[in-house]
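Pasted below: work_28.cif, mmCIF, C-alpha atoms.
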data_query
#
loop_
_atom_site.label_atom_id
_atom_site.label_comp_id
_atom_site.auth_asym_id
_atom_site.auth_seq_id
_atom_site.Cartn_x
_atom_site.Cartn_y
_atom_site.Cartn_z
CA MET S 10 4.32 11.17 -25.33
CA THR S 11 2.11 13.60 -23.39
CA VAL S 12 0.52 12.86 -20.03
CA THR S 13 -2.86 12.57 -21.73
CA GLU S 14 -1.51 10.12 -24.33
CA SER S 15 0.27 8.09 -21.66
CA PHE S 16 -2.88 7.54 -19.60
CA GLU S 17 -5.64 7.66 -22.18
CA GLN S 18 -6.41 4.00 -21.55
CA ILE S 19 -7.33 4.48 -17.87
CA SER S 20 -10.90 5.33 -18.82
CA PRO S 21 -12.82 6.43 -21.93
CA LEU S 22 -14.61 8.91 -19.66
CA PHE S 23 -11.68 11.11 -18.55
CA ASP S 24 -8.21 12.37 -19.43
CA VAL S 25 -5.22 12.72 -17.14
CA ARG S 26 -3.56 16.10 -17.67
CA GLN S 27 -0.78 18.12 -16.10
CA THR S 28 -2.09 21.17 -14.26
CA THR S 29 -0.47 24.36 -12.99
CA TRP S 30 -2.02 24.01 -9.52
CA GLY S 31 -2.14 20.36 -8.46
CA GLY S 32 0.19 18.18 -10.49
CA ARG S 33 -1.73 15.70 -12.62
CA ALA S 34 -5.51 15.68 -12.52
CA CYS S 35 -8.46 13.98 -14.19
CA PHE S 36 -10.93 15.82 -16.45
CA SER S 37 -14.15 14.50 -17.95
CA LYS S 38 -14.24 13.97 -21.72
CA GLN S 39 -18.00 14.47 -21.86
CA SER S 40 -20.99 15.59 -19.86
CA LEU S 41 -21.96 12.88 -17.39
CA LYS S 42 -24.94 12.15 -15.17
CA LYS S 43 -25.07 11.58 -11.44
CA GLY S 44 -24.64 7.88 -10.68
CA SER S 45 -22.19 7.24 -13.54
CA VAL S 46 -19.34 4.93 -12.51
CA ILE S 47 -16.24 6.79 -13.66
CA LEU S 48 -13.75 4.10 -12.69
CA GLU S 49 -13.97 0.53 -11.43
CA ALA S 50 -10.66 -0.76 -10.08
CA ASP S 51 -9.88 -4.30 -8.93
CA ASP S 52 -6.19 -4.34 -9.90
CA ASN S 53 -4.42 -3.26 -6.73
CA THR S 54 -0.65 -3.66 -6.64
CA GLY S 55 -0.39 -4.28 -2.91
CA THR S 56 -2.44 -4.51 0.29
CA SER S 57 -1.74 -4.32 3.99
CA ILE S 58 -4.17 -5.49 6.68
CA SER S 59 -3.44 -4.07 10.12
CA TYR S 60 -1.97 -6.63 12.50
CA GLU S 61 -4.81 -6.26 14.99
CA PHE S 62 -7.35 -7.24 12.29
CA ARG S 63 -5.33 -10.02 10.65
CA LYS S 64 -7.59 -12.79 12.01
CA GLU S 65 -10.86 -10.89 11.61
CA VAL S 66 -10.68 -9.52 8.05
CA CYS S 67 -10.84 -11.87 5.08
CA HIS S 68 -7.59 -11.70 3.10
CA PHE S 69 -9.46 -12.07 -0.17
CA CYS S 70 -12.76 -10.14 -0.03
CA TYR S 71 -11.89 -7.99 3.05
CA SER S 72 -15.21 -8.72 4.77
CA TYR S 73 -15.45 -8.26 8.52
CA HIS S 74 -17.81 -9.90 11.00
CA ASN S 75 -17.77 -7.71 14.10
CA GLY S 76 -14.49 -8.96 15.48
CA VAL S 77 -15.14 -12.68 15.12
CA THR S 78 -11.99 -14.70 14.36
CA LEU S 79 -12.31 -16.25 10.91
CA LYS S 80 -12.24 -20.05 10.70
CA HIS S 81 -10.81 -20.73 7.26
CA LYS S 82 -7.05 -20.98 6.78
CA ILE S 83 -4.68 -22.50 4.27
CA THR S 84 -3.37 -25.91 5.29
CA TYR S 85 -0.50 -28.07 4.13
CA ALA S 86 -2.99 -30.48 2.55
CA LEU S 87 -4.38 -27.70 0.36
CA LEU S 88 -0.89 -26.70 -0.77
CA LYS S 89 0.45 -30.11 -1.77
CA GLN S 90 -0.15 -29.69 -5.50
CA LEU S 91 1.13 -26.12 -5.52
CA ILE S 92 4.24 -27.18 -3.60
CA LYS S 93 4.81 -30.03 -6.05
CA ASN S 94 5.09 -27.49 -8.84
CA ASN S 95 7.40 -25.23 -6.84
CA ASP S 96 11.14 -25.93 -6.75
CA ASN S 97 12.03 -23.78 -3.74
CA LYS S 98 13.06 -25.56 -0.56
CA LEU S 99 13.36 -22.66 1.90
CA ILE S 100 10.40 -23.83 3.97
CA ASN S 101 9.53 -27.06 5.74
CA TRP S 102 6.01 -27.13 4.33
CA LYS S 103 4.93 -29.89 6.70
CA LYS S 104 5.28 -27.33 9.50
CA PHE S 105 3.30 -24.75 7.55
CA GLN S 106 1.67 -22.17 9.87
CA GLY S 107 -0.83 -20.67 7.43
CA ALA S 108 1.27 -17.72 6.16
CA GLY S 109 -0.71 -15.30 8.32
CA LEU S 110 -3.78 -15.62 6.10
CA TRP S 111 -7.39 -15.95 7.25
CA PHE S 112 -10.53 -16.19 5.09
CA CYS S 113 -14.27 -15.78 5.63
CA SER S 114 -15.19 -18.87 3.59
CA GLU S 115 -13.81 -21.80 1.64
CA ILE S 116 -14.84 -19.92 -1.50
CA CYS S 117 -12.57 -16.95 -0.70
CA ARG S 118 -9.74 -19.23 0.39
CA ASP S 119 -9.95 -21.26 -2.80
CA GLU S 120 -10.21 -18.10 -4.95
CA PHE S 121 -7.04 -16.83 -3.29
CA LEU S 122 -5.26 -20.13 -3.97
CA SER S 123 -6.39 -20.15 -7.60
CA GLN S 124 -4.35 -17.05 -8.45
CA PRO S 125 -1.48 -17.85 -10.83
CA HIS S 126 1.88 -18.42 -9.11
CA ILE S 127 0.33 -17.68 -5.70
CA ILE S 128 2.59 -20.25 -4.01
CA GLU S 129 5.42 -17.73 -4.39
CA LEU S 130 3.60 -15.10 -2.36
CA ILE S 131 2.52 -17.68 0.23
CA GLU S 132 6.13 -18.79 0.62
CA CYS S 133 7.26 -15.19 1.21
CA TYR S 134 4.51 -14.66 3.78
CA GLU S 135 5.43 -17.87 5.58
CA LEU S 136 9.12 -16.95 5.71
CA LEU S 137 8.23 -13.57 7.20
CA LEU S 138 5.85 -15.15 9.70
CA ASN S 139 8.50 -17.64 10.87
CA HIS S 140 11.00 -14.82 11.34
CA PHE S 141 8.50 -12.60 13.13
CA HIS S 142 7.55 -15.39 15.54
CA SER S 143 11.22 -16.15 16.23
CA MET S 144 11.84 -12.49 17.11
CA GLN S 145 8.85 -12.02 19.43
CA LYS S 146 10.73 -13.50 22.39
CA ARG S 147 13.67 -11.17 21.89
CA VAL S 148 13.96 -7.67 23.31
CA ASN S 149 13.54 -5.07 20.60
CA PRO S 150 16.42 -2.57 21.02
CA ASP S 151 14.35 0.13 19.33
CA ASP S 152 11.72 0.17 22.10
CA SER S 153 13.95 2.47 24.16
CA ARG S 154 15.02 4.59 21.16
CA GLU S 155 11.66 5.74 19.80
CA ASP S 156 12.01 9.31 21.06
CA GLU S 157 15.57 9.55 19.73
CA LEU S 158 14.60 8.18 16.31
CA ASN S 159 11.67 10.57 16.06
CA HIS S 160 13.92 13.59 16.60
CA VAL S 161 16.35 12.95 13.77
CA LYS S 162 16.64 16.01 11.53
CA ILE S 163 15.47 14.61 8.22
CA SER S 164 16.71 15.95 4.91
CA LYS S 165 16.92 14.62 1.38
CA ASP S 166 20.71 14.37 1.77
CA LEU S 167 20.48 12.42 5.03
CA ILE S 168 18.04 9.94 3.52
CA GLN S 169 20.36 9.39 0.56
CA GLU S 170 23.37 9.05 2.86
CA LYS S 171 21.69 6.29 4.87
CA TRP S 172 20.73 4.37 1.74
CA ASP S 173 24.22 4.81 0.28
CA GLN S 174 25.56 3.14 3.43
CA ILE S 175 23.21 0.23 2.86
CA ILE S 176 24.29 -0.10 -0.79
CA ASN S 177 28.03 0.39 -0.28
CA ASP S 178 28.59 -1.27 3.10
CA TRP S 179 25.74 -3.40 4.40
CA ILE S 180 24.71 -5.24 1.20
CA PRO S 181 28.32 -6.28 0.28
CA SER S 182 28.84 -7.54 3.84
CA ILE S 183 25.68 -9.68 3.59
CA ASP S 184 26.47 -10.96 0.11
CA LYS S 185 29.80 -12.32 1.35
CA LEU S 186 28.09 -14.54 3.91
CA LYS S 187 26.84 -18.05 3.33
CA LEU S 188 23.06 -18.35 3.25
CA THR S 189 23.08 -20.17 6.58
CA LYS S 190 24.96 -17.28 8.23
CA ARG S 191 22.83 -14.46 6.88
CA SER S 192 19.95 -15.19 9.24
CA ASN S 193 22.18 -14.12 12.14
CA ARG S 194 22.10 -10.59 10.71
CA LEU S 195 18.31 -10.33 10.66
CA PRO S 196 17.01 -7.40 12.72
CA VAL S 197 14.32 -7.67 15.37
CA ILE S 198 11.06 -6.40 13.89
CA SER S 199 7.77 -5.26 15.37
CA GLU S 200 4.22 -5.84 14.17
CA ASP S 201 4.38 -2.70 12.03
CA GLU S 202 7.55 -3.73 10.22
CA TYR S 203 6.15 -7.23 9.71
CA CYS S 204 2.99 -5.86 8.07
CA CYS S 205 5.00 -3.44 5.93
CA ALA S 206 7.29 -6.26 4.76
CA ARG S 207 4.22 -8.26 3.69
CA PHE S 208 2.98 -5.26 1.72
CA VAL S 209 6.32 -4.93 -0.10
CA CYS S 210 6.34 -8.68 -0.84
CA GLU S 211 2.90 -8.56 -2.41
CA THR S 212 3.80 -5.49 -4.46
CA LEU S 213 6.92 -7.18 -5.83
CA PHE S 214 4.88 -10.30 -6.59
CA ARG S 215 2.08 -8.41 -8.39
CA LEU S 216 4.54 -6.36 -10.44
CA LYS S 217 6.52 -9.47 -11.41
CA TYR S 218 3.56 -10.98 -13.22
CA MET S 219 2.02 -7.76 -14.53
CA ASP S 220 2.17 -6.87 -18.21
CA GLN S 221 4.84 -4.17 -18.40
CA ASN S 222 2.93 -2.48 -21.20
CA SER S 223 -0.27 -2.33 -19.17
CA ILE S 224 -1.63 0.98 -17.97
CA ASN S 225 -1.57 -0.29 -14.37
CA PHE S 226 2.16 -1.08 -14.54
CA LYS S 227 2.97 2.29 -16.14
CA SER S 228 0.73 4.09 -13.66
CA PHE S 229 2.48 2.47 -10.71
CA TYR S 230 5.91 3.63 -11.81
CA SER S 231 4.53 7.11 -12.49
CA LEU S 232 3.19 7.54 -8.95
CA GLN S 233 4.67 10.45 -7.04
CA SER S 234 6.90 9.55 -4.10
CA ASN S 235 6.23 11.43 -0.87
CA GLU S 236 9.21 9.91 0.91
CA VAL S 237 10.84 13.14 2.08
CA SER S 238 7.62 14.85 3.19
CA LYS S 239 6.47 11.80 5.12
CA MET S 240 9.82 11.32 6.85
CA GLU S 241 10.02 14.98 7.78
CA ARG S 242 6.69 14.49 9.52
CA PHE S 243 7.66 11.11 11.04
CA PRO S 244 11.50 10.86 11.20
CA ILE S 245 11.39 7.35 12.68
CA LEU S 246 10.23 6.08 9.28
CA LEU S 247 13.79 6.20 7.93
CA HIS S 248 14.95 3.70 10.53
CA PHE S 249 11.72 1.74 10.07
CA GLN S 250 12.31 1.42 6.31
CA ILE S 251 15.88 0.27 6.77
CA LEU S 252 14.75 -2.50 9.15
CA VAL S 253 12.16 -3.68 6.63
CA PHE S 254 14.68 -3.55 3.79
CA LYS S 255 17.28 -5.58 5.71
CA THR S 256 14.67 -8.16 6.65
CA LEU S 257 13.52 -8.62 3.07
CA TYR S 258 17.00 -8.56 1.56
CA ILE S 259 17.99 -11.52 3.73
CA LEU S 260 14.72 -13.47 3.64
CA LEU S 261 13.34 -13.02 0.13
CA PRO S 262 13.61 -16.09 -2.12
CA SER S 263 15.46 -15.61 -5.39
CA PHE S 264 12.26 -15.38 -7.46
CA LEU S 265 11.49 -12.01 -5.82
CA ARG S 266 14.96 -11.06 -4.62
CA ASP S 267 16.00 -10.56 -8.24
CA ARG S 268 13.49 -7.71 -8.50
CA PHE S 269 14.33 -6.21 -5.12
CA SER S 270 16.66 -3.23 -4.79
CA VAL S 271 16.98 -0.04 -2.79
CA THR S 272 15.46 1.84 -5.72
CA SER S 273 12.41 -0.43 -6.10
CA PHE S 274 11.90 -0.57 -2.33
CA ARG S 275 12.00 3.21 -1.92
CA HIS S 276 9.50 3.70 -4.73
CA ILE S 277 7.10 1.10 -3.32
CA LEU S 278 7.00 2.80 0.08
CA GLY S 279 7.48 6.38 -1.12
CA SER S 280 4.52 6.08 -3.48
CA GLU S 281 2.40 4.46 -0.77
CA TYR S 282 2.80 7.65 1.28
CA GLY S 283 0.09 9.82 -0.26
CA ASN S 284 -1.37 7.37 -2.81
CA ALA S 285 -2.83 4.60 -0.65
CA PHE S 286 -6.56 4.09 -0.26
CA GLY S 287 -7.92 2.90 3.07
CA ILE S 288 -9.58 -0.50 3.41
CA TRP S 289 -12.61 0.46 5.48
CA GLU S 290 -15.47 -1.45 7.02
CA VAL S 291 -18.44 -1.53 4.63
CA GLY S 292 -21.95 -0.52 5.68
CA GLU S 293 -21.07 1.75 8.60
CA SER S 294 -21.11 5.55 8.81
CA SER S 295 -17.77 7.26 8.25
CA ASP S 296 -17.39 8.22 11.92
CA SER S 297 -17.98 4.69 13.28
CA ARG S 298 -16.49 2.33 10.68
CA GLU S 299 -13.28 0.39 11.32
CA TYR S 300 -10.06 1.00 9.39
CA PHE S 301 -8.53 -2.34 8.37
CA GLY S 302 -5.48 -1.25 6.40
CA TYR S 303 -4.60 0.14 3.00
CA TRP S 304 -4.08 -0.78 -0.64
CA ILE S 305 -2.72 0.81 -3.80
CA PHE S 306 -4.72 1.28 -7.00
CA PRO S 307 -2.36 3.08 -9.40
CA ARG S 308 -5.05 3.83 -11.99
CA ALA S 309 -7.16 5.56 -9.34
CA SER S 310 -4.34 7.66 -7.93
CA TYR S 311 -4.69 10.56 -10.35
CA PHE S 312 -7.91 11.90 -8.81
CA ASN S 313 -7.16 15.06 -6.82
CA HIS S 314 -8.77 15.90 -3.51
CA SER S 315 -11.63 18.32 -3.01
CA CYS S 316 -13.53 19.15 0.18
CA ASP S 317 -16.62 19.15 -2.05
CA PRO S 318 -15.84 16.09 -4.20
CA ASN S 319 -17.95 15.14 -7.20
CA LEU S 320 -16.90 11.47 -6.91
CA THR S 321 -17.86 9.10 -4.12
CA LYS S 322 -15.59 6.14 -3.31
CA THR S 323 -17.17 2.80 -2.38
CA ARG S 324 -15.80 -0.70 -1.95
CA LYS S 325 -17.44 -3.99 -2.84
CA GLY S 326 -15.19 -6.90 -1.96
CA ARG S 327 -11.90 -6.46 -3.80
CA THR S 328 -13.18 -3.69 -6.08
CA MET S 329 -13.22 0.08 -5.66
CA PHE S 330 -15.91 2.13 -7.43
CA PHE S 331 -15.67 5.85 -8.16
CA THR S 332 -19.18 7.17 -8.83
CA LEU S 333 -20.44 10.65 -9.68
CA ASN S 334 -22.57 12.19 -6.94
CA ARG S 335 -23.85 15.00 -9.25
CA ASP S 336 -24.16 15.85 -12.94
CA ILE S 337 -20.99 17.33 -14.48
CA ASP S 338 -20.12 19.14 -17.72
CA VAL S 339 -17.42 18.20 -20.21
CA GLY S 340 -13.98 19.33 -19.00
CA SER S 341 -14.91 19.19 -15.30
CA GLU S 342 -12.15 18.10 -12.94
CA LEU S 343 -12.98 14.83 -11.17
CA ASP S 344 -12.25 14.93 -7.43
CA ILE S 345 -12.42 12.58 -4.48
CA ASP S 346 -12.21 13.02 -0.71
CA TYR S 347 -8.81 11.86 0.55
CA SER S 348 -9.30 11.99 4.25
CA GLY S 349 -12.86 11.49 5.48
CA VAL S 350 -12.72 14.76 7.45
CA LEU S 351 -15.15 16.83 5.41
CA SER S 352 -17.24 17.64 8.48
CA LEU S 353 -14.36 19.44 10.23
CA PRO S 354 -14.09 23.26 10.28
CA VAL S 355 -11.98 24.58 7.42
CA LYS S 356 -8.81 25.35 9.44
CA GLU S 357 -8.77 21.94 11.10
CA ARG S 358 -9.57 20.24 7.80
CA ARG S 359 -6.78 22.01 5.90
CA LYS S 360 -4.27 21.33 8.69
CA PHE S 361 -5.12 17.62 8.65
CA LEU S 362 -4.71 17.49 4.86
CA HIS S 363 -1.39 19.33 5.08
CA ASP S 364 -0.03 17.07 7.83
CA SER S 365 -1.29 13.81 6.32
CA TRP S 366 -1.20 14.41 2.57
CA PHE S 367 1.42 17.17 2.29
CA PHE S 368 -0.54 19.83 0.40
CA ASP S 369 -2.46 23.01 1.17
CA CYS S 370 -6.00 22.49 -0.08
CA GLN S 371 -7.12 25.22 -2.51
CA CYS S 372 -10.45 23.72 -3.48
CA ASP S 373 -13.41 26.07 -4.04
CA ARG S 374 -15.00 25.11 -0.74
CA CYS S 375 -11.84 25.90 1.24
CA LYS S 376 -11.36 29.22 -0.56
CA LEU S 377 -14.93 30.28 0.20
CA GLU S 378 -14.83 29.18 3.84
CA MET S 379 -11.45 30.85 4.42
CA GLN S 380 -12.85 34.11 3.05
CA LEU S 381 -15.81 33.90 5.41
CA ILE S 382 -13.63 33.69 8.54
CA HIS S 383 -11.30 36.54 7.55
#
What do you get writing this file as structure tokens?
Amino acid sequence: MTVTESFEQISPLFDVRQTTWGGRACFSKQSLKKGSVILEADDNTGTSISYEFRKEVCHFCYSYHNGVTLKHKITYALLKQLIKNNDNKLINWKKFQGAGLWFCSEICRDEFLSQPHIIELIECYELLLNHFHSMQKRVNPDDSREDELNHVKISKDLIQEKWDQIINDWIPSIDKLKLTKRSNRLPVISEDEYCCARFVCETLFRLKYMDQNSINFKSFYSLQSNEVSKMERFPILLHFQILVFKTLYILLPSFLRDRFSVTSFRHILGSEYGNAFGIWEVGESSDSREYFGYWIFPRASYFNHSCDPNLTKTRKGRTMFFTLNRDIDVGSELDIDYSGVLSLPVKERRKFLHDSWFFDCQCDRCKLEMQLIH
């Protein structure tokens, strides 16, 4: 099956093809007018709201009200029926803390709760929250090692060696322990690891109940991993990932643990590096809006970057829209702006793209501007 055949269902308006210059790319099947919505995506596979905004951004519609703490949370009373239909006993639900979820309205809260099987995700979030709170009073041994961890010489072989140690040594040692003893082996985690663990939990949950023949499922597993490039840039991420993995391996309930492995974990995070879309404040200019976190839309991840993009990204609630900002001819490549730095001079812009997205931009605008300064 060719790339085009594999992804022909993404949209009737464009094909996904292999290129000689930028991996896979999207090309229009017909001439299209400015204002045409090329793709509408509301099927993200995972989200992460930054810890500092966790109480201020709605966990369903992602609205923001100028830093005001949201009032609507999930309570034990609201969960009684869902708990009744759930056989897992890992949590004392009567001491439920809200699973780290805040909502802008009862409508959003109830919409969140109406999602099929959502009690499983809530349980995972609550387990992580309980662990995170229990660790906050402990000294994090990594606080004094940040410089050391950021100077590790990263290579593909070193990454594999560290994960082989987890598979061959650490996992067997944990599996031998009784469930009650495993919690003693939980690492201390920071806010960043806590948020990352939540992201992995949601991704596992979404994939569990996704049609494996769907284009979204196939697109997710076709996403390119940027694990090595990202770790070369930020070596501490290898240690960071291992902490998150150990936390989830010990804490995850069986209904998600069965789908959790080193391979699945590495793909979830490796594909996030370079494929995530930012969750940004709506209605503000690009230089003054707040960044709330990120999410993954596999079907939208095949658009390449251009510093003169013909697609404009916008968000309305839980949905991303990709809209043409000019007329295009049949066969035109469809491009988006990855970084929000289009106003920078060409050298600064290309350096940012290289450091953050691991490619040297060769778009027409960059070629022209590079010629003008040489």
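Proximity to Ser164 (chain S) was assessed for S:Leu247, S:Leu79, S:Leu265, S:Met329 counting all atoms listed in the file; the smallest distance is recorded for S:Leu247.
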*Might you spell out which residues the PyMOL selection byres ((chain S and resi 147-157) around 10) would select in the displayed file, as a list in words?*
His142, Ser143, Met144, Gln145, Lys146, Leu158, Asn159, His160, Val161, Pro196, Val197, Ile198, Ser199, Pro244, Ile245, His248 and Phe249 of chain S
Once 8 Å is added on each side, what are the centre and the three edge lengths, in Å to one decimal, of the axis-aligned box enclosing the listed atoms of region 230-236 of chain S? Present them as AutoDock Vina command-line options.
--center_x 6.2 --center_y 7.5 --center_z -5.8 --size_x 22.0 --size_y 23.8 --size_z 29.4
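Picked by the PyMOL selection byres ((chain S and resi 111-118) around 6) from the coordinates shown: Lys64, Cys67, His68, Phe69, Leu79, His81, Lys82, Leu110, Asp119, Glu120 and Phe121 of chain S.
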*Expected selection from the PyMOL selection byres ((chain S and resi 58) around 8), given as a list in words*: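 For this structure, the PyMOL selection byres ((chain S and resi 58) around 8) captures Thr56, Ser57, Ser59, Tyr60, Phe62, Arg63, Val66, His68, Cys204, Phe301, Gly302 and Tyr303 of chain S.
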_Local residues around (-12.4, 10.6, -1.6), at most 12 Å away, using only C-alpha atoms, as a PyMOL selection string_ = chain S and resi 284-287+295+309-324+329-334+343-351
*Atom pair CA of Gly44 (chain S) / CA of Ile337 (chain S): separation (Å)*: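 Value for the CA of Gly44 (chain S)-CA of Ile337 (chain S) distance: 10.8 Å.
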Completed region 241-266 of chain S (N, CA and C atoms) as a compact mmCIF listing (two decimals), keeping the file's coordinate frame:
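Saved file result05.txt follows:
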# COMPACT_ATOMS: atom_id res chain seq x y z
N GLU S 241 9.91 13.74 7.02
CA GLU S 241 10.02 14.98 7.78
C GLU S 241 8.96 15.05 8.86
N ARG S 242 7.80 14.52 8.56
CA ARG S 242 6.69 14.49 9.52
C ARG S 242 6.90 13.41 10.57
N PHE S 243 7.44 12.25 10.14
CA PHE S 243 7.66 11.11 11.04
C PHE S 243 9.09 10.60 10.82
N PRO S 244 10.09 11.22 11.44
CA PRO S 244 11.50 10.86 11.20
C PRO S 244 11.84 9.40 11.45
N ILE S 245 11.10 8.74 12.35
CA ILE S 245 11.39 7.35 12.68
C ILE S 245 11.21 6.43 11.48
N LEU S 246 10.49 6.90 10.46
CA LEU S 246 10.23 6.08 9.28
C LEU S 246 11.51 5.71 8.53
N LEU S 247 12.53 6.54 8.61
CA LEU S 247 13.79 6.20 7.93
C LEU S 247 14.38 4.93 8.53
N HIS S 248 14.46 4.89 9.85
CA HIS S 248 14.95 3.70 10.53
C HIS S 248 14.03 2.51 10.28
N PHE S 249 12.73 2.76 10.34
CA PHE S 249 11.72 1.74 10.07
C PHE S 249 11.94 1.11 8.70
N GLN S 250 12.11 1.94 7.67
CA GLN S 250 12.31 1.42 6.31
C GLN S 250 13.56 0.58 6.21
N ILE S 251 14.62 1.01 6.85
CA ILE S 251 15.88 0.27 6.77
C ILE S 251 15.74 -1.11 7.42
N LEU S 252 15.01 -1.19 8.53
CA LEU S 252 14.75 -2.50 9.15
C LEU S 252 13.98 -3.42 8.21
N VAL S 253 12.97 -2.88 7.56
CA VAL S 253 12.16 -3.68 6.63
C VAL S 253 13.02 -4.12 5.45
N PHE S 254 13.82 -3.20 4.92
CA PHE S 254 14.68 -3.55 3.79
C PHE S 254 15.65 -4.68 4.15
N LYS S 255 16.31 -4.55 5.30
CA LYS S 255 17.28 -5.58 5.71
C LYS S 255 16.60 -6.94 5.88
N THR S 256 15.42 -6.92 6.46
CA THR S 256 14.67 -8.16 6.65
C THR S 256 14.38 -8.83 5.32
N LEU S 257 13.88 -8.05 4.37
CA LEU S 257 13.52 -8.62 3.07
C LEU S 257 14.74 -9.01 2.26
N TYR S 258 15.80 -8.24 2.34
CA TYR S 258 17.00 -8.56 1.56
C TYR S 258 17.56 -9.93 1.96
N ILE S 259 17.47 -10.24 3.25
CA ILE S 259 17.99 -11.52 3.73
C ILE S 259 17.00 -12.66 3.50
N LEU S 260 15.71 -12.39 3.66
CA LEU S 260 14.72 -13.47 3.64
C LEU S 260 14.14 -13.78 2.26
N LEU S 261 14.05 -12.80 1.39
CA LEU S 261 13.34 -13.02 0.13
C LEU S 261 13.94 -14.16 -0.69
N PRO S 262 13.12 -15.06 -1.19
CA PRO S 262 13.61 -16.09 -2.12
C PRO S 262 14.07 -15.45 -3.42
N SER S 263 14.86 -16.17 -4.18
CA SER S 263 15.46 -15.61 -5.39
C SER S 263 14.42 -15.14 -6.40
N PHE S 264 13.23 -15.76 -6.44
CA PHE S 264 12.26 -15.38 -7.46
C PHE S 264 11.70 -13.97 -7.24
N LEU S 265 11.84 -13.42 -6.03
CA LEU S 265 11.49 -12.01 -5.82
C LEU S 265 12.71 -11.16 -5.50
N ARG S 266 13.72 -11.79 -4.95
CA ARG S 266 14.96 -11.06 -4.62
C ARG S 266 15.57 -10.43 -5.86
